[in-house]
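Undergrad: So I've got this file, run.txt, and it contains compact mmCIF, C-alpha atoms:
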```
# COMPACT_ATOMS: atom_id res chain seq x y z
CA MET L 5 78.27 98.84 126.56
CA PRO L 6 78.60 100.89 123.33
CA GLY L 7 82.19 101.78 122.45
CA GLY L 8 83.79 104.80 120.84
CA HIS L 9 85.46 104.86 117.44
CA ARG L 10 87.71 107.29 115.66
CA LEU L 11 86.01 107.73 112.29
CA LEU L 12 82.86 106.93 110.33
CA LEU L 13 82.83 107.46 106.56
CA GLU L 14 79.13 107.32 105.70
CA ASN L 15 77.21 106.43 102.61
CA ALA L 16 79.96 106.66 99.97
CA ARG L 17 78.92 106.26 96.36
CA GLN L 18 81.90 103.90 95.99
CA VAL L 19 84.31 102.38 98.49
CA VAL L 20 87.23 100.96 96.51
CA LEU L 21 88.54 98.05 98.57
CA VAL L 22 91.11 96.98 95.91
CA CYS L 23 91.28 93.57 97.65
CA ALA L 24 88.40 91.81 99.40
CA ARG L 25 89.98 88.47 100.37
CA GLY L 26 93.18 89.41 102.13
CA GLU L 27 95.37 89.10 99.02
CA ARG L 28 98.94 90.25 99.58
CA PHE L 29 99.27 91.30 95.90
CA LEU L 30 97.27 91.12 92.66
CA THR L 31 98.48 89.68 89.35
CA ARG L 32 97.11 88.47 86.01
CA ALA L 33 93.30 88.01 85.85
CA ALA L 34 92.82 89.40 89.38
CA LEU L 35 93.77 92.81 87.92
CA ARG L 36 90.89 92.97 85.41
CA SER L 37 88.87 94.87 88.00
CA VAL L 38 89.38 96.03 91.59
CA ALA L 39 86.91 95.22 94.38
CA VAL L 40 84.38 98.07 94.83
CA LEU L 41 81.36 98.44 97.15
CA GLU L 42 78.54 100.81 96.12
CA GLY L 43 76.59 102.76 98.75
CA ALA L 44 78.91 101.75 101.56
CA SER L 45 80.27 102.98 104.89
CA LEU L 46 83.55 102.39 106.71
CA VAL L 47 84.49 102.49 110.42
CA VAL L 48 88.00 103.09 111.83
CA GLY L 49 88.63 102.31 115.50
CA THR L 50 90.56 104.36 118.05
CA ASP L 51 93.60 102.14 117.35
CA GLY L 52 93.66 103.47 113.76
CA TYR L 53 92.62 100.17 112.18
CA ILE L 54 89.53 99.42 110.09
CA LYS L 55 86.74 97.82 112.16
CA ALA L 56 83.97 97.43 109.59
CA ILE L 57 83.13 98.06 105.93
CA GLY L 58 79.81 97.30 104.32
CA PRO L 59 76.46 98.51 102.97
CA ALA L 60 75.59 101.87 104.53
CA ASP L 61 72.30 100.69 106.08
CA ALA L 62 73.92 97.61 107.67
CA ILE L 63 76.76 99.69 109.18
CA GLN L 64 74.23 102.22 110.46
CA ARG L 65 72.28 99.46 112.26
CA GLN L 66 75.41 97.81 113.63
CA PHE L 67 76.89 101.06 115.00
CA SER L 68 73.71 102.98 115.90
CA GLU L 69 74.61 103.11 119.62
CA GLU L 70 78.28 103.96 119.04
CA THR L 71 80.07 107.30 119.21
CA PHE L 72 82.61 108.59 116.69
CA GLU L 73 85.29 111.25 117.09
CA GLU L 74 84.58 112.25 113.48
CA ARG L 75 81.88 111.47 110.91
CA ILE L 76 82.20 112.40 107.24
CA ASP L 77 79.25 112.28 104.89
CA CYS L 78 80.59 110.74 101.68
CA SER L 79 77.36 110.92 99.65
CA GLY L 80 78.20 111.09 95.94
CA LYS L 81 81.92 110.63 96.71
CA CYS L 82 84.48 107.83 96.40
CA VAL L 83 86.70 106.42 99.12
CA LEU L 84 89.97 104.78 97.99
CA PRO L 85 92.88 103.28 99.92
CA GLY L 86 95.67 105.72 100.70
CA LEU L 87 98.16 105.61 97.82
CA VAL L 88 101.55 103.96 98.26
CA ASP L 89 104.65 105.45 96.64
CA ALA L 90 107.13 102.59 96.38
CA HIS L 91 110.25 104.55 95.32
CA THR L 92 111.42 108.04 96.36
CA HIS L 93 114.62 109.98 97.11
CA PRO L 94 113.12 112.77 99.24
CA VAL L 95 115.99 113.83 101.56
CA TRP L 96 118.45 116.21 99.87
CA ALA L 97 119.69 119.76 99.59
CA GLY L 98 120.51 121.83 96.51
CA GLU L 99 118.23 121.84 93.49
CA ARG L 100 119.00 120.74 89.93
CA VAL L 101 116.64 122.78 87.78
CA HIS L 102 119.68 123.90 85.74
CA GLU L 103 120.20 120.26 84.71
CA PHE L 104 116.65 120.11 83.36
CA VAL L 105 117.74 122.88 80.97
CA MET L 106 120.76 120.75 79.92
CA LYS L 107 118.55 117.68 79.44
CA LEU L 108 116.09 119.62 77.28
CA ALA L 109 119.06 120.74 75.15
CA GLY L 110 119.95 117.09 74.56
CA ALA L 111 122.42 116.10 77.32
CA SER L 112 122.01 112.51 78.56
CA TYR L 113 121.81 111.45 82.21
CA MET L 114 125.33 109.94 82.10
CA GLU L 115 126.79 113.01 80.33
CA ILE L 116 125.50 115.27 83.11
CA HIS L 117 126.75 112.74 85.69
CA ARG L 118 130.28 112.74 84.17
CA ALA L 119 130.33 116.57 84.08
CA GLY L 120 130.06 116.61 87.90
CA GLY L 121 126.30 117.08 87.93
CA GLY L 122 123.65 114.55 88.75
CA ILE L 123 123.98 112.59 91.98
CA ASN L 124 127.45 114.07 92.69
CA PHE L 125 126.10 117.63 92.75
CA THR L 126 123.32 116.68 95.19
CA VAL L 127 125.82 114.74 97.34
CA GLU L 128 127.98 117.86 97.82
CA CYS L 129 124.96 119.97 98.82
CA THR L 130 123.55 117.29 101.14
CA ARG L 131 126.89 116.76 102.89
CA GLN L 132 127.00 120.49 103.71
CA ALA L 133 123.37 120.79 104.89
CA SER L 134 122.48 120.51 108.58
CA GLU L 135 120.17 117.80 109.86
CA GLU L 136 117.56 120.45 110.67
CA GLU L 137 117.66 121.92 107.14
CA LEU L 138 117.28 118.46 105.65
CA PHE L 139 114.36 117.64 107.95
CA ASP L 140 112.53 120.89 107.11
CA SER L 141 112.68 120.39 103.34
CA PHE L 142 111.89 116.66 103.70
CA GLN L 143 108.83 117.44 105.82
CA GLN L 144 107.56 119.91 103.20
CA ARG L 145 108.01 117.32 100.43
CA LEU L 146 106.13 114.69 102.43
CA GLN L 147 103.29 117.23 102.89
CA CYS L 148 103.09 117.64 99.10
CA MET L 149 103.00 113.86 98.59
CA MET L 150 100.33 113.49 101.25
CA ARG L 151 98.12 116.19 99.68
CA ALA L 152 98.27 114.15 96.45
CA GLY L 153 96.93 111.12 98.33
CA THR L 154 100.08 109.26 99.42
CA THR L 155 99.87 107.74 102.92
CA LEU L 156 102.78 105.26 102.75
CA VAL L 157 106.06 106.25 101.13
CA GLU L 158 109.40 104.53 100.65
CA CYS L 159 112.24 106.97 101.48
CA LYS L 160 115.86 106.39 100.48
CA SER L 161 119.13 107.77 101.76
CA GLY L 162 121.90 107.83 99.13
CA TYR L 163 123.05 111.44 98.78
CA GLY L 164 125.78 111.07 101.40
CA LEU L 165 127.82 108.12 100.09
CA ASN L 166 130.03 108.49 103.16
CA LEU L 167 128.89 106.93 106.43
CA GLN L 168 128.48 110.21 108.31
CA THR L 169 126.06 111.76 105.77
CA GLU L 170 124.16 108.53 105.11
CA LEU L 171 123.51 108.27 108.86
CA LYS L 172 122.46 111.93 108.95
CA MET L 173 119.87 111.20 106.22
CA LEU L 174 118.65 108.05 107.99
CA ARG L 175 118.24 109.99 111.26
CA VAL L 176 116.13 112.56 109.38
CA ILE L 177 113.95 109.75 107.98
CA ALA L 178 113.67 108.14 111.45
CA ARG L 179 112.56 111.47 112.94
CA ALA L 180 109.88 111.90 110.27
CA ARG L 181 108.67 108.38 110.99
CA ARG L 182 108.24 109.31 114.68
CA GLU L 183 106.75 112.79 114.25
CA LEU L 184 104.66 112.74 111.07
CA ASP L 185 101.38 111.04 110.14
CA VAL L 186 102.50 109.53 106.82
CA SER L 187 103.81 105.94 107.09
CA ILE L 188 107.43 105.50 105.97
CA SER L 189 109.51 102.57 104.74
CA ALA L 190 113.18 103.52 105.16
CA THR L 191 115.85 102.42 102.69
CA TYR L 192 119.62 102.58 103.07
CA CYS L 193 120.98 103.50 99.62
CA GLY L 194 124.67 104.19 100.37
CA ALA L 195 125.48 102.43 97.07
CA HIS L 196 123.63 105.06 95.01
CA SER L 197 126.85 106.13 93.28
CA VAL L 198 130.57 105.45 93.59
CA PRO L 199 132.07 108.29 95.66
CA LYS L 200 134.82 110.40 94.08
CA GLY L 201 138.27 108.90 94.61
CA LYS L 202 137.03 105.31 95.08
CA THR L 203 136.53 102.36 92.76
CA ALA L 204 133.26 100.40 92.89
CA THR L 205 135.09 97.56 94.66
CA GLU L 206 136.52 99.92 97.30
CA ALA L 207 133.10 101.54 97.79
CA ALA L 208 131.50 98.09 98.21
CA ASP L 209 134.23 97.14 100.74
CA ASP L 210 133.50 100.30 102.75
CA ILE L 211 129.75 99.60 102.76
CA VAL L 212 130.05 95.93 103.74
CA ASN L 213 132.81 96.42 106.35
CA ASN L 214 131.83 99.80 107.84
CA HIS L 215 128.36 101.03 106.88
CA LEU L 216 126.31 97.86 107.40
CA PRO L 217 127.73 96.97 110.86
CA LYS L 218 126.98 100.55 111.99
CA LEU L 219 123.40 100.34 110.64
CA LYS L 220 122.91 97.11 112.56
CA GLU L 221 124.23 98.66 115.78
CA LEU L 222 122.15 101.88 115.49
CA GLY L 223 119.09 99.87 114.50
CA ARG L 224 119.41 97.82 117.69
CA SER L 225 119.73 100.94 119.86
CA GLY L 226 116.69 102.50 118.13
CA GLU L 227 118.51 105.61 116.87
CA ILE L 228 117.60 104.76 113.28
CA HIS L 229 115.18 102.29 111.69
CA VAL L 230 116.01 100.79 108.29
CA ASP L 231 113.73 98.42 106.36
CA ASN L 232 115.40 97.97 102.97
CA ILE L 233 118.78 97.93 101.22
CA ASP L 234 119.30 99.44 97.77
CA VAL L 235 122.14 99.56 95.22
CA PHE L 236 122.30 101.37 91.86
CA CYS L 237 123.31 98.36 89.75
CA GLU L 238 124.44 100.00 86.52
CA LYS L 239 127.27 100.10 83.98
CA GLY L 240 129.84 102.61 85.27
CA VAL L 241 128.34 102.50 88.79
CA PHE L 242 128.03 99.17 90.70
CA ASP L 243 128.55 96.03 88.63
CA LEU L 244 126.79 92.74 89.29
CA SER L 245 129.39 91.28 91.66
CA SER L 246 129.63 94.43 93.83
CA THR L 247 125.82 94.66 93.84
CA ARG L 248 125.56 91.03 94.97
CA ARG L 249 128.00 91.58 97.87
CA ILE L 250 126.21 94.67 99.15
CA LEU L 251 122.69 93.25 98.83
CA GLN L 252 123.69 89.98 100.49
CA GLY L 253 125.37 91.95 103.29
CA GLY L 254 122.15 93.89 103.84
CA LYS L 255 120.05 90.73 103.78
CA ASP L 256 122.37 89.21 106.40
CA ILE L 257 121.51 92.02 108.85
CA GLY L 258 117.78 91.59 108.23
CA LEU L 259 117.08 94.19 105.53
CA GLN L 260 114.72 93.56 102.61
CA ILE L 261 116.40 93.74 99.20
CA ASN L 262 114.84 96.50 97.09
CA PHE L 263 117.19 97.91 94.45
CA HIS L 264 117.69 99.86 91.18
CA GLY L 265 118.27 97.47 88.29
CA ASP L 266 118.42 97.25 84.48
CA GLU L 267 117.68 100.96 84.02
CA LEU L 268 120.12 102.29 81.41
CA HIS L 269 121.79 99.04 80.32
CA PRO L 270 120.79 95.36 80.52
CA MET L 271 122.76 94.11 83.53
CA LYS L 272 120.96 90.85 84.46
CA ALA L 273 119.93 92.67 87.66
CA ALA L 274 116.46 91.10 87.60
CA GLU L 275 117.96 87.62 87.49
CA LEU L 276 120.27 88.49 90.41
CA GLY L 277 117.40 89.92 92.45
CA ALA L 278 115.24 86.86 91.91
CA GLU L 279 118.15 84.62 92.95
CA LEU L 280 118.81 86.63 96.15
CA GLY L 281 115.12 86.69 97.15
CA ALA L 282 114.68 90.43 96.56
CA GLN L 283 111.35 91.90 97.66
CA ALA L 284 111.43 94.36 94.75
CA ILE L 285 113.50 95.76 91.88
CA SER L 286 112.96 99.25 90.46
CA HIS L 287 113.27 100.73 86.95
CA LEU L 288 113.75 97.66 84.69
CA GLU L 289 113.60 99.67 81.44
CA GLU L 290 116.22 97.26 79.99
CA VAL L 291 115.20 94.02 81.71
CA SER L 292 115.61 90.76 79.76
CA ASP L 293 112.83 88.23 79.05
CA GLU L 294 114.64 85.80 81.37
CA GLY L 295 114.72 88.43 84.10
CA ILE L 296 110.96 88.97 83.78
CA ALA L 297 110.29 85.23 84.04
CA ALA L 298 112.62 84.92 87.05
CA MET L 299 110.88 87.79 88.87
CA ALA L 300 107.45 86.26 88.28
CA THR L 301 108.57 82.92 89.71
CA ALA L 302 110.32 84.52 92.72
CA LYS L 303 107.33 86.82 93.51
CA CYS L 304 109.75 89.74 93.32
CA ALA L 305 107.84 92.98 92.67
CA ALA L 306 108.71 95.25 89.72
CA VAL L 307 108.54 98.90 90.79
CA LEU L 308 108.00 100.83 87.57
CA LEU L 309 108.65 104.58 87.39
CA PRO L 310 106.72 106.13 84.49
CA THR L 311 107.61 109.74 85.38
CA THR L 312 111.34 108.94 85.12
CA ALA L 313 111.05 107.30 81.71
CA TYR L 314 108.98 110.30 80.61
CA MET L 315 111.28 113.04 81.97
CA LEU L 316 114.57 111.36 81.01
CA ARG L 317 113.12 110.26 77.66
CA LEU L 318 114.09 106.66 78.37
CA LYS L 319 112.60 103.59 76.78
CA GLN L 320 109.38 102.77 78.66
CA PRO L 321 109.59 99.64 80.84
CA ARG L 322 107.71 96.68 79.35
CA ALA L 323 104.82 96.74 81.78
CA ARG L 324 102.46 94.74 79.54
CA LYS L 325 104.95 91.91 79.12
CA MET L 326 105.51 91.83 82.92
CA LEU L 327 101.78 91.84 83.65
CA ASP L 328 101.11 89.08 81.10
CA GLU L 329 103.89 86.94 82.62
CA GLY L 330 102.44 87.30 86.12
CA VAL L 331 104.98 89.72 87.62
CA ILE L 332 103.74 91.73 90.64
CA VAL L 333 103.80 95.23 89.13
CA ALA L 334 104.01 98.25 91.48
CA LEU L 335 104.47 101.97 90.85
CA GLY L 336 106.59 104.74 92.35
CA SER L 337 107.13 108.44 91.69
CA ASP L 338 110.94 108.23 91.89
CA PHE L 339 110.71 111.73 93.40
CA ASN L 340 114.26 113.16 93.31
CA PRO L 341 116.06 116.29 92.03
CA ASN L 342 116.33 114.66 88.60
CA ALA L 343 112.63 113.68 88.26
CA TYR L 344 110.57 116.04 90.36
CA CYS L 345 107.06 114.62 90.82
CA PHE L 346 105.12 114.17 94.08
CA SER L 347 101.90 112.89 92.61
CA MET L 348 100.91 109.22 92.46
CA PRO L 349 97.70 110.10 90.54
CA MET L 350 99.92 111.54 87.77
CA VAL L 351 102.18 108.47 87.97
CA MET L 352 99.11 106.23 87.50
CA HIS L 353 97.92 108.31 84.53
CA LEU L 354 101.34 108.05 82.82
CA ALA L 355 101.43 104.31 83.56
CA CYS L 356 98.12 103.94 81.70
CA VAL L 357 98.99 106.17 78.75
CA ASN L 358 102.70 105.44 78.24
CA MET L 359 103.00 101.90 79.63
CA LYS L 360 99.60 100.70 78.38
CA MET L 361 98.31 99.63 81.80
CA SER L 362 94.57 99.60 82.51
CA MET L 363 93.15 101.80 85.29
CA PRO L 364 92.52 98.84 87.65
CA GLU L 365 96.11 97.64 87.02
CA ALA L 366 97.48 101.11 87.77
CA LEU L 367 95.42 101.52 90.95
CA ALA L 368 96.47 98.10 92.25
CA ALA L 369 100.09 98.96 91.37
CA ALA L 370 99.85 102.17 93.45
CA THR L 371 98.15 100.48 96.42
CA ILE L 372 98.34 96.76 97.27
CA ASN L 373 101.27 95.89 94.97
CA ALA L 374 103.31 98.93 96.04
CA ALA L 375 102.65 97.94 99.67
CA TYR L 376 103.81 94.40 98.81
CA ALA L 377 107.02 95.83 97.29
CA LEU L 378 107.71 97.34 100.74
CA GLY L 379 106.74 94.18 102.65
CA LYS L 380 103.72 96.00 104.12
CA SER L 381 100.73 94.62 102.22
CA HIS L 382 99.46 92.82 105.34
CA THR L 383 98.67 96.24 106.90
CA HIS L 384 98.50 98.69 103.96
CA GLY L 385 97.35 98.95 100.35
CA SER L 386 93.65 98.01 100.55
CA LEU L 387 90.52 98.83 102.55
CA GLU L 388 89.82 95.65 104.53
CA VAL L 389 88.90 94.95 108.14
CA GLY L 390 92.04 94.77 110.28
CA LYS L 391 94.15 96.97 108.02
CA GLN L 392 95.38 100.47 108.81
CA GLY L 393 92.68 103.12 108.25
CA ASP L 394 94.46 105.06 105.50
CA CYS L 395 92.20 106.46 102.80
CA VAL L 396 91.55 109.19 100.26
CA ILE L 397 88.11 110.71 99.63
CA ILE L 398 87.54 112.19 96.19
CA ASN L 399 84.68 114.41 95.09
CA SER L 400 83.56 112.24 92.20
CA SER L 401 81.04 109.46 91.71
CA ARG L 402 83.60 107.14 90.06
CA TRP L 403 87.07 106.33 91.34
CA GLU L 404 88.60 106.35 87.85
CA HIS L 405 88.51 110.17 87.85
CA LEU L 406 91.59 110.15 90.10
CA ILE L 407 93.57 108.71 87.15
CA TYR L 408 91.54 110.11 84.25
CA GLN L 409 91.88 113.78 85.25
CA PHE L 410 95.56 114.38 84.51
CA GLY L 411 96.90 116.85 87.06
CA GLY L 412 93.38 117.20 88.51
CA HIS L 413 94.03 115.55 91.87
CA HIS L 414 94.28 118.86 93.77
CA GLU L 415 90.65 119.63 92.90
CA LEU L 416 89.41 116.05 93.32
CA ILE L 417 90.94 115.09 96.67
CA GLU L 418 88.81 116.37 99.54
CA TYR L 419 90.30 114.43 102.45
CA VAL L 420 93.39 112.35 103.13
CA ILE L 421 93.14 110.13 106.20
CA ALA L 422 95.90 108.23 108.03
CA LYS L 423 95.07 105.77 110.83
CA GLY L 424 91.53 107.18 110.87
CA LYS L 425 92.75 110.73 111.45
CA VAL L 426 92.14 113.49 108.89
CA ILE L 427 95.62 114.70 107.88
CA TYR L 428 94.50 116.85 104.95
CA LYS L 429 91.20 118.55 104.22
CA LYS L 430 90.73 120.62 101.09
```
Now, as a test, write the supplied structure out as structure tokens.
TA:
Amino acid sequence: MPGGHRLLLENARQVVLVCARGERFLTRAALRSVAVLEGASLVVGTDGYIKAIGPADAIQRQFSEETFEERIDCSGKCVLPGLVDAHTHPVWAGERVHEFVMKLAGASYMEIHRAGGGINFTVECTRQASEEELFDSFQQRLQCMMRAGTTLVECKSGYGLNLQTELKMLRVIARARRELDVSISATYCGAHSVPKGKTATEAADDIVNNHLPKLKELGRSGEIHVDNIDVFCEKGVFDLSSTRRILQGGKDIGLQINFHGDELHPMKAAELGAELGAQAISHLEEVSDEGIAAMATAKCAAVLLPTTAYMLRLKQPRARKMLDEGVIVALGSDFNPNAYCFSMPMVMHLACVNMKMSMPEALAAATINAAYALGKSHTHGSLEVGKQGDCVIINSSRWEHLIYQFGGHHELIEYVIAKGKVIYKK
């Protein structure tokens, strides 16, 4: 009895699998090239998972009796895995374009922060915004990310700093997870900054004694869903001992550790993360050689943020050193009011140009390795049978154009597909 399927992508010039042997991440020599099939087709079942990938003629024979809800002729085009953005701050109110003016005039991130701008400004605006307002702007931002090819995105709270607003942000993220097509990994980032009137130790006490028990309770009841815990481990924000307490507290309630470390000052955050069994650490512009070695051994992913280094004029993270040492390197947009970029194709381009990554390294970092950083590489990040049917179809005969054409993704991307369903068509 012939069955029905959701989607057939037929006769693509290239299907970029990224992985072909079920790898959970790619490092070292495995990054020299990504797995690609020429003249191939792909089938997604009604459950949203990939049923078959292979030479177009073989797929045609195998599925000749079957019906499909949708068929797309991909002749002359490339099919890639949906992109994964491993680090974003997309729920907030109040914009900070005026701070971009200050930055261009020479003000540093910490100078703006001390003048009441930066995170503190966004916190005030986000505290005042209603849940509905936050959801509306968040939904629009996710649409922009999705149109640039992102199908799995990590979303942080962290502009509340008090329990009430952090929970408001996490409810907004939970609603998006239920109602929208993009896949979401939710991160509690209540330790994004030390709230006014508290010391770092007092803020850490509040998080460990009040915030985390509430997250556990609301997670059990299903009101919110949190995957990861994050802390901004930085000089003048959360020091190493406060960071350790908060991350360990999160780990104890079942959250994956995924935090900001070694961004503006060397803090030994990478060493701490490796010791605590962190899934990932972001930024790492100032990471030590010992930290890099520890992350490689611990299989702790490095989430590098080339747009942030570019816009804040920071030292570029040492991607080449990390790659050569066998660190699992992932990429994120760090979308936030301080570094406003939705586009993973632009992030990949900057990773190649400014961080000296190759195009296969950048693509793997924005797919399988970014999925690994979120603990989701068993279901996302590559085109393999049994994985979620998330893909991007570009109107080009070679996949590299998605990275090569800087800012050209709007013209290149013809379809974005999540779970076998077309969620964007140019």
Undergrad: Per residue of segment 289-406 of chain L within 9 Å of segment 145-162 of chain L, what are the shortest atom pair and its distance in Å to one decimal, counting only C-alpha atoms, with rows by chain and residue number, as a Markdown table?
TA:
```
| residue | atom | partner | partner_atom | distance |
| --- | --- | --- | --- | --- |
| L:Gly336 | CA | L:Glu158 | CA | 8.8 |
| L:Cys345 | CA | L:Met149 | CA | 8.8 |
| L:Phe346 | CA | L:Met149 | CA | 5.0 |
| L:Ser347 | CA | L:Ala152 | CA | 5.4 |
| L:Met348 | CA | L:Ala152 | CA | 6.9 |
| L:Pro349 | CA | L:Ala152 | CA | 7.2 |
| L:Ala375 | CA | L:Leu156 | CA | 7.9 |
| L:Leu378 | CA | L:Glu158 | CA | 7.4 |
| L:His384 | CA | L:Leu156 | CA | 7.9 |
| L:Gly385 | CA | L:Leu156 | CA | 8.7 |
| L:Asp394 | CA | L:Thr155 | CA | 6.6 |
| L:Cys395 | CA | L:Thr155 | CA | 7.8 |
| L:Val396 | CA | L:Gly153 | CA | 6.0 |
| L:Ile397 | CA | L:Gly153 | CA | 8.9 |
```
Undergrad: Looking at all atoms listed in the file, which of L:Thr311, L:Thr31, L:Ser79, L:Asn15 is the one that sits closest to Glu329 of chain L?
TA: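 Closest candidate: L:Thr31.
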Undergrad: Quick one, how far is atom CA of Gly26 of chain L from atom CA of Ser386 of chain L?
TA: 8.8 Å
Undergrad: For each of L:Arg248, L:Arg175, L:Lys107, L:Lys423, take the minimum atom-to-atom distance to Gly223 of chain L, counting all atoms listed in the file, then give the residue where this is smallest.
TA: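 Among the listed residues, the smallest separation from Gly223 of chain L belongs to L:Arg175.
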Undergrad: So the first atom is atom CA of Phe242 of chain L and the second is atom CA of Val212 of chain L; what is the distance between them in Å, to one decimal place?
TA: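 It comes out at 13.6 Å.
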Undergrad: To one decimal place in Å, what is the distance between atom CA of Lys81 of chain L and atom CA of Gln18 of chain L?
TA: 6.8 Å
Undergrad: Smallest atom-to-atom distance to Ile76 of chain L: which of L:Leu12, L:Ala323, L:Leu276, L:Val176, using all atoms listed in the file?
TA: L:Leu12
Undergrad: Using all atoms listed in the file for the distances, tell me which of L:His229, L:Lys218, L:Lys360, L:Lys303 is nearest to Pro321 of chain L.
TA: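 Closest candidate: L:Lys360.
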Undergrad: In terms of the shortest atom-to-atom distance over only C-alpha atoms, which of L:Leu308, L:Ile123, L:Tyr344, L:Leu316 is closest to Phe236 of chain L?
TA: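 With only C-alpha atoms as the atom set, the closest residue is L:Ile123.
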Undergrad: Write out as a list in words which residues come within 10 Å of Lys325 of chain L when counting all atoms listed in the file, dropping same-chain ones fewer than 6 positions away.
TA: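 Everything that qualifies: Asp293, Ile296, Ala297 and Val331 of chain L.
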Undergrad: Which one of L:Pro270, L:Pro341, L:Gly254, L:Pro310 sits closest to Met359 of chain L if you count all atoms listed in the file?
TA: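 That would be L:Pro310, the residue with the smallest distance to Met359 of chain L.
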Undergrad: Residues near Tyr376 of chain L, anyone? I mean within 9 Å using only C-alpha atoms, not counting same-chain ones fewer than 6 positions away, as a list in words.
TA: Arg28, Phe29, Gln283, Ala284, Ala305, Ile332, Ala334, His382, His384 and Gly385 of chain L
